[in-house]
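These notes concern the structure reproduced below.
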Amino acid sequence: MILPNDFKSEYKEIEHEVQSKMKDFFAKGWYIMGDELKSFEQEFAIYIGQKNCIGVANGLEGLFLALKALEIGHGDEVIVPANTYIASVLAISQVGAKPVFVEPNMQTHNIDPSKIEAAITNKTKAILPVHLYGLISDMPEIMRIANKYNLYVVEDCAQAHGASINEQKAGSFGHINAFSFYPTKNLGAYGDAGAITTNDENLAKKIYQLRNYGSEVRYQNEIIGYNSRLDELQAAILRVKLKYLDSWNKKRRKAADSFKKEFSYKDWIFPLEPEGYYHVYHQFVVQSENREFDMKELESLGYKCLIHYPIPPYKSNAYNLLYKNHTFPIADMLSETVFSLPIHGKIWHSN
């Protein structure tokens with residue numbers, strides 16, 4: 001059975017480097033806020049094309065701290081896609097702001113820019129586009145709208161490491177942007193981990209303080225902060241893996257092409273890659289009117305499939321009372337028809 005993730009095969013490819021890195025890491029005896037973190041932050045910032053990268057504890061806290069740095073809070077509204085993973089929405093709620101859901105585009109699964117302006121009010125402070133499944137959102141149009149209405153943009157890049165539009169990478173469009181390095185991500189740590197990218201030096205300084213008890217200098221606490229630091233061990237692992245990210249993404253793309261050929265006879269709606277876009281296939285998600293039948297058939301062929309995501313956030317128990325009078329038919333339709341075939345950084349698919 002081909003499972004949704006293949007951590008063992010990935011590890012075999014980098015085992016020597018990881019073991020060597022861990023030997024050096026434990027010999028140093030420095031576990032928090034050390035050279036590995038500084039080096040990873042510099043290397044990832046260069047990779048994304050931003051002046052600043054700040055390592056944080058996980059992707060959700062990356063979004064939360066980004067919104068905090070923008071001073072978004074009670075009474076404010078943040079526009080977010082109606083079909084995202086709930087972490088994108090939780091970050092908005094955690095700063096006290098109101099999530100305002102906007103329908104996705106049926107083909108890209110990302111927030112539909114043509115529907116954003118209708119959701120803007122005098123309380124709107126930011127747009128939080130999510131680059132779902134490895135395809136970057138229509139960032140040029142989203143930035144145009146944001147500039148028109150003087151709004152902030154916070155990219156949720158948790159599923160889009162290395163994705164781009166005309167070679168400009170996810171995490172370099174918005175004012176401040178968040179990544180998750182959860183183990184299943186295209187660039188995954190060996191535990192929870194995250195990062196924030198920005199070109200704004202003032203925002204970067206705020207994040208450095210917010211992640212570390214409101215302090216940049218030990219025992220000098222300038223603001224009320226949090227404990228949300230990317231630890232040295234995970235930074236060390238990510239430094240090794242970052243060197244392989246582009247090649248692993250290419251293998252995912254080859255596997256995706258192979259799937260499209262193998263299952264071309266199916267009446268599925270396959271992932272779209274608009275001209276100029278570079279899809280990194282964090283998930284290979286198709287739409288099927290016969291989802292249960294197709295998933296059972298694929299399992300008989302040796303493919304373990306999953307559903308990303310069966311419940312839109314606004315229908316979750318956490319939010320359904322707040323949004324009981326709201327309907328998002330496209331988000332609902334996608335939740336009822338999509339499923340994901342297993343896809344890895346390793347090329348295991350040979351058809």
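Note on naming: chains are A, B, ... as they come in the structure tokens, residues start from 1 per chain, ligands start from 1 in the order shown.
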Quick one: residues within 8 Å of range 74-87 of chain A, only C-alpha atoms counted, chain neighbours fewer than 3 positions away excluded, as number ranges by chain?
A: 60, 90-92, 95-104, 109-111, 116, 119-120, 123-130, 132, 309, 312-314, 328, 331-332, 334-335
Just list the residues in range 60-263 of chain A DSSP gives helix (DSSP H, G or I) on the backbone, as a PyMOL selection string.
chain A and resi 60-69+87-94+113-115+117-119+132-134+139-149+201-210+232-242+245-262
Shortest interatomic distance to Met295 in chain A - which of A:Leu341, A:Leu238, A:Ile48, A:Ala318, counting only C-alpha atoms
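Checking each of A:Leu341, A:Leu238, A:Ile48, A:Ala318 against Met295 in chain A, counting only C-alpha atoms, the winner is A:Leu341.
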Enumerate, in order of chain and increasing residue number, the residues of range 142-164 of chain A with an atom no farther than 12 Å from range 247-258 of chain A, each with its shortest atom pair and distance in Å to one decimal, counting only C-alpha atoms, as JSON lines.
```
{"residue": "A:Gln159", "atom": "CA", "partner": "A:Asn249", "partner_atom": "CA", "distance": 11.8}
{"residue": "A:Ala160", "atom": "CA", "partner": "A:Asn249", "partner_atom": "CA", "distance": 10.1}
{"residue": "A:His161", "atom": "CA", "partner": "A:Asn249", "partner_atom": "CA", "distance": 8.7}
{"residue": "A:Gly162", "atom": "CA", "partner": "A:Asn249", "partner_atom": "CA", "distance": 7.6}
{"residue": "A:Ala163", "atom": "CA", "partner": "A:Asn249", "partner_atom": "CA", "distance": 8.9}
{"residue": "A:Ser164", "atom": "CA", "partner": "A:Asn249", "partner_atom": "CA", "distance": 11.9}
```
Go ahead and dump the residues you just picked, N, CA, C and O atoms, as a compact mmCIF listing (two decimals), in the first residue's frame.
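Saved as result36.txt:
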```
# COMPACT_ATOMS: atom_id res chain seq x y z
N GLN A 159 1.46 25.18 2.73
CA GLN A 159 1.45 24.08 1.77
C GLN A 159 2.15 24.43 0.47
O GLN A 159 1.98 23.73 -0.53
N ALA A 160 2.96 25.48 0.48
CA ALA A 160 3.46 25.99 -0.80
C ALA A 160 4.95 26.31 -0.81
O ALA A 160 5.38 27.24 -1.47
N HIS A 161 5.76 25.52 -0.13
CA HIS A 161 7.20 25.75 -0.12
C HIS A 161 7.77 25.58 -1.53
O HIS A 161 7.77 24.48 -2.08
N GLY A 162 8.23 26.67 -2.11
CA GLY A 162 8.81 26.62 -3.45
C GLY A 162 7.85 26.92 -4.57
O GLY A 162 8.26 27.06 -5.72
N ALA A 163 6.55 27.05 -4.28
CA ALA A 163 5.58 27.42 -5.31
C ALA A 163 5.83 28.87 -5.74
O ALA A 163 6.34 29.68 -4.97
N SER A 164 5.46 29.19 -6.97
CA SER A 164 5.76 30.53 -7.47
C SER A 164 4.82 30.95 -8.58
O SER A 164 4.08 30.14 -9.15
```
Go through range 47-111 of chain A residue by residue and, counting only C-alpha atoms, keep those with an atom at most 12 Å from range 26-32 of chain A; for each kept residue give the shortest atom pair and its distance in Å to one decimal, ordered by chain and increasing number, as JSON lines.
```
{"residue": "A:Gly55", "atom": "CA", "partner": "A:Ile32", "partner_atom": "CA", "distance": 11.2}
{"residue": "A:Val56", "atom": "CA", "partner": "A:Ile32", "partner_atom": "CA", "distance": 11.5}
{"residue": "A:Ala57", "atom": "CA", "partner": "A:Ile32", "partner_atom": "CA", "distance": 11.5}
```
Could you save the residues just selected, with N, CA, C and O atoms, as an mmCIF file, in the first residue's frame?
```cif
data_model
loop_
_atom_site.group_PDB
_atom_site.id
_atom_site.type_symbol
_atom_site.label_atom_id
_atom_site.label_comp_id
_atom_site.auth_asym_id
_atom_site.auth_seq_id
_atom_site.Cartn_x
_atom_site.Cartn_y
_atom_site.Cartn_z
ATOM 1 N N GLY A 55 12.299 32.351 12.580
ATOM 2 C CA GLY A 55 11.803 31.034 12.942
ATOM 3 C C GLY A 55 10.880 31.095 14.143
ATOM 4 O O GLY A 55 11.179 31.783 15.129
ATOM 5 N N VAL A 56 9.767 30.380 14.060
ATOM 6 C CA VAL A 56 8.798 30.327 15.162
ATOM 7 C C VAL A 56 8.416 28.866 15.417
ATOM 8 O O VAL A 56 8.853 27.961 14.714
ATOM 9 N N ALA A 57 7.572 28.651 16.433
ATOM 10 C CA ALA A 57 7.314 27.299 16.913
ATOM 11 C C ALA A 57 6.531 26.436 15.934
ATOM 12 O O ALA A 57 6.748 25.226 15.857
#
```
Name the residues in contact with Lys51 in chain A at a cut-off of 10 Å, using only C-alpha atoms, excluding same-chain residues fewer than 3 positions from it; report them as a PyMOL selection string.
chain A and resi 41-42+44-46+48+172+197-201+204
Let's have the selection written as a short mmCIF file (atom, residue, chain, number, x, y, z; two decimals), in the first residue's frame, with N, CA and C atoms.
```
data_model
loop_
_atom_site.label_atom_id
_atom_site.label_comp_id
_atom_site.auth_asym_id
_atom_site.auth_seq_id
_atom_site.Cartn_x
_atom_site.Cartn_y
_atom_site.Cartn_z
N GLU A 41 17.53 30.79 9.16
CA GLU A 41 16.76 32.01 8.86
C GLU A 41 17.38 32.76 7.67
N GLN A 42 18.69 32.85 7.64
CA GLN A 42 19.37 33.53 6.53
C GLN A 42 19.16 32.76 5.22
N PHE A 44 16.82 30.50 4.41
CA PHE A 44 15.43 30.44 3.94
C PHE A 44 14.98 31.80 3.41
N ALA A 45 15.44 32.87 4.03
CA ALA A 45 15.12 34.21 3.53
C ALA A 45 15.64 34.39 2.11
N ILE A 46 16.86 33.94 1.86
CA ILE A 46 17.43 34.02 0.51
C ILE A 46 16.63 33.16 -0.46
N ILE A 48 13.47 32.29 -0.34
CA ILE A 48 12.15 32.89 -0.61
C ILE A 48 12.29 34.21 -1.36
N SER A 172 6.69 35.85 -0.63
CA SER A 172 7.41 37.08 -0.99
C SER A 172 6.48 38.14 -1.56
N THR A 197 8.21 35.32 7.02
CA THR A 197 9.07 36.07 6.11
C THR A 197 8.48 37.45 5.88
N THR A 198 9.35 38.44 5.73
CA THR A 198 8.90 39.80 5.44
C THR A 198 10.08 40.64 4.97
N ASN A 199 9.77 41.64 4.16
CA ASN A 199 10.76 42.63 3.77
C ASN A 199 10.73 43.86 4.66
N ASP A 200 9.74 43.93 5.53
CA ASP A 200 9.54 45.09 6.40
C ASP A 200 10.38 44.93 7.67
N GLU A 201 11.38 45.79 7.82
CA GLU A 201 12.30 45.67 8.96
C GLU A 201 11.58 45.91 10.29
N ALA A 204 9.65 42.80 11.13
CA ALA A 204 10.60 41.76 11.53
C ALA A 204 11.05 41.96 12.98
#
```
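The space between CA of Asn320 in chain A and CA of Val89 in chain A spans 12.8 Å.
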Give me, as a tab-separated table, the closest atom pair and its distance (Å, one decimal) for every residue of range 63-137 of chain A within a cut-off of 12 Å of range 182-195 of chain A, counting only C-alpha atoms, rows sorted by chain and rising number.
```
residue	atom	partner	partner_atom	distance
A:Leu63	CA	A:Ala195	CA	9.2
A:Phe64	CA	A:Ala195	CA	11.4
A:Leu65	CA	A:Ala195	CA	10.2
A:Ala66	CA	A:Ala195	CA	10.1
A:Leu132	CA	A:Lys185	CA	11.9
A:Tyr133	CA	A:Lys185	CA	10.0
A:Gly134	CA	A:Asn186	CA	8.8
```
Counting only C-alpha atoms, the option among A:Ala235, A:Ala158, A:Cys305, A:Tyr11 closest to Val280 in chain A
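Nearest to Val280 in chain A: A:Ala158.
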To test your reading of the structure, identify every residue in range 114-319 of chain A that backbone DSSP assigns to strand (DSSP E), and report it as an NGL selection string.
:A and (124-127 or 152-156 or 164-165 or 168-169 or 176-180 or 194-198 or 215-217 or 220-221 or 277-278 or 284-287)
Can those selected residues be exported to a file as an mmCIF file, in the first residue's frame so that it contains N, CA and C atoms?
```cif
data_model
loop_
_atom_site.group_PDB
_atom_site.id
_atom_site.type_symbol
_atom_site.label_atom_id
_atom_site.label_comp_id
_atom_site.auth_asym_id
_atom_site.auth_seq_id
_atom_site.Cartn_x
_atom_site.Cartn_y
_atom_site.Cartn_z
ATOM 1 N N THR A 124 -12.431 45.908 7.664
ATOM 2 C CA THR A 124 -11.445 44.991 7.078
ATOM 3 C C THR A 124 -10.040 45.555 7.224
ATOM 4 N N LYS A 125 -9.139 44.746 7.751
ATOM 5 C CA LYS A 125 -7.749 45.175 7.926
ATOM 6 C C LYS A 125 -6.763 44.375 7.095
ATOM 7 N N ALA A 126 -7.141 43.149 6.717
ATOM 8 C CA ALA A 126 -6.171 42.302 6.018
ATOM 9 C C ALA A 126 -6.869 41.234 5.187
ATOM 10 N N ILE A 127 -6.131 40.735 4.212
ATOM 11 C CA ILE A 127 -6.519 39.556 3.438
ATOM 12 C C ILE A 127 -5.508 38.459 3.759
ATOM 13 N N TYR A 152 -3.607 45.088 4.583
ATOM 14 C CA TYR A 152 -2.441 44.217 4.706
ATOM 15 C C TYR A 152 -2.727 42.878 4.033
ATOM 16 N N VAL A 153 -1.661 42.208 3.627
ATOM 17 C CA VAL A 153 -1.776 40.844 3.109
ATOM 18 C C VAL A 153 -0.826 39.949 3.889
ATOM 19 N N VAL A 154 -1.378 38.856 4.421
ATOM 20 C CA VAL A 154 -0.605 37.842 5.139
ATOM 21 C C VAL A 154 -0.769 36.536 4.382
ATOM 22 N N GLU A 155 0.267 36.070 3.743
ATOM 23 C CA GLU A 155 0.195 34.809 3.006
ATOM 24 C C GLU A 155 0.317 33.621 3.963
ATOM 25 N N ASP A 156 -0.588 32.658 3.821
ATOM 26 C CA ASP A 156 -0.448 31.372 4.493
ATOM 27 C C ASP A 156 0.225 30.425 3.502
ATOM 28 N N SER A 164 5.458 29.187 -6.974
ATOM 29 C CA SER A 164 5.762 30.532 -7.468
ATOM 30 C C SER A 164 4.819 30.949 -8.583
ATOM 31 N N ILE A 165 4.871 32.261 -8.876
ATOM 32 C CA ILE A 165 4.241 32.842 -10.058
ATOM 33 C C ILE A 165 5.327 33.609 -10.791
ATOM 34 N N GLN A 168 8.507 34.198 -8.911
ATOM 35 C CA GLN A 168 8.449 34.857 -7.604
ATOM 36 C C GLN A 168 7.770 33.904 -6.634
ATOM 37 N N LYS A 169 8.467 33.598 -5.552
ATOM 38 C CA LYS A 169 8.038 32.520 -4.678
ATOM 39 C C LYS A 169 6.949 32.933 -3.682
ATOM 40 N N ILE A 176 3.635 40.365 5.240
ATOM 41 C CA ILE A 176 4.259 39.455 6.198
ATOM 42 C C ILE A 176 3.590 38.096 6.012
ATOM 43 N N ASN A 177 4.369 37.022 6.051
ATOM 44 C CA ASN A 177 3.876 35.737 5.573
ATOM 45 C C ASN A 177 4.350 34.603 6.475
ATOM 46 N N ALA A 178 3.566 33.533 6.538
ATOM 47 C CA ALA A 178 3.860 32.460 7.483
ATOM 48 C C ALA A 178 3.988 31.110 6.783
ATOM 49 N N PHE A 179 4.926 30.313 7.283
ATOM 50 C CA PHE A 179 5.167 28.952 6.804
ATOM 51 C C PHE A 179 5.036 27.969 7.959
ATOM 52 N N SER A 180 4.568 26.779 7.638
ATOM 53 C CA SER A 180 4.623 25.650 8.560
ATOM 54 C C SER A 180 5.662 24.663 8.044
ATOM 55 N N GLY A 194 7.981 26.396 12.371
ATOM 56 C CA GLY A 194 7.393 27.367 11.455
ATOM 57 C C GLY A 194 8.316 28.544 11.249
ATOM 58 N N ALA A 195 7.919 29.455 10.380
ATOM 59 C CA ALA A 195 8.718 30.651 10.114
ATOM 60 C C ALA A 195 7.843 31.743 9.534
ATOM 61 N N ILE A 196 8.335 32.961 9.646
ATOM 62 C CA ILE A 196 7.691 34.151 9.095
ATOM 63 C C ILE A 196 8.683 34.839 8.178
ATOM 64 N N THR A 197 8.212 35.315 7.024
ATOM 65 C CA THR A 197 9.068 36.068 6.109
ATOM 66 C C THR A 197 8.479 37.447 5.879
ATOM 67 N N THR A 198 9.346 38.438 5.732
ATOM 68 C CA THR A 198 8.901 39.800 5.443
ATOM 69 C C THR A 198 10.078 40.638 4.971
ATOM 70 N N SER A 215 11.164 40.233 23.999
ATOM 71 C CA SER A 215 12.532 40.670 24.276
ATOM 72 C C SER A 215 13.475 40.391 23.106
ATOM 73 N N GLU A 216 14.376 41.317 22.861
ATOM 74 C CA GLU A 216 15.503 41.075 21.957
ATOM 75 C C GLU A 216 16.804 40.956 22.745
ATOM 76 N N VAL A 217 16.889 41.681 23.846
ATOM 77 C CA VAL A 217 18.045 41.623 24.740
ATOM 78 C C VAL A 217 17.597 40.946 26.025
ATOM 79 N N GLN A 220 15.433 42.230 29.076
ATOM 80 C CA GLN A 220 14.834 43.513 28.706
ATOM 81 C C GLN A 220 13.609 43.222 27.843
ATOM 82 N N ASN A 221 12.434 43.349 28.448
ATOM 83 C CA ASN A 221 11.178 42.993 27.774
ATOM 84 C C ASN A 221 10.457 44.260 27.347
ATOM 85 N N TYR A 277 2.528 29.783 -13.437
ATOM 86 C CA TYR A 277 2.503 29.260 -12.064
ATOM 87 C C TYR A 277 3.369 27.998 -11.960
ATOM 88 N N TYR A 278 3.894 27.763 -10.776
ATOM 89 C CA TYR A 278 4.681 26.556 -10.507
ATOM 90 C C TYR A 278 4.043 25.860 -9.312
ATOM 91 N N PHE A 284 -2.035 16.041 -4.105
ATOM 92 C CA PHE A 284 -2.594 15.876 -5.445
ATOM 93 C C PHE A 284 -4.095 15.661 -5.267
ATOM 94 N N VAL A 285 -4.855 16.733 -5.440
ATOM 95 C CA VAL A 285 -6.280 16.745 -5.096
ATOM 96 C C VAL A 285 -7.123 16.763 -6.357
ATOM 97 N N VAL A 286 -8.045 15.817 -6.447
ATOM 98 C CA VAL A 286 -8.973 15.758 -7.576
ATOM 99 C C VAL A 286 -10.399 15.904 -7.052
ATOM 100 N N GLN A 287 -11.288 16.288 -7.953
ATOM 101 C CA GLN A 287 -12.720 16.360 -7.634
ATOM 102 C C GLN A 287 -13.435 15.215 -8.341
#
```
What gap, in Å, lies between CA of Ser39 in chain A and CA of Met139 in chain A?
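These atoms are spaced 28.4 Å apart.
Among the candidate residues A:His175, A:Tyr244, A:Tyr281, A:Leu301, the one lying nearest to Ala146 in chain A is A:His175, with distances computed using only C-alpha atoms.
Between CA of Asp231 in chain A and CA of Ser9 in chain A the interatomic distance comes to 24.8 Å.
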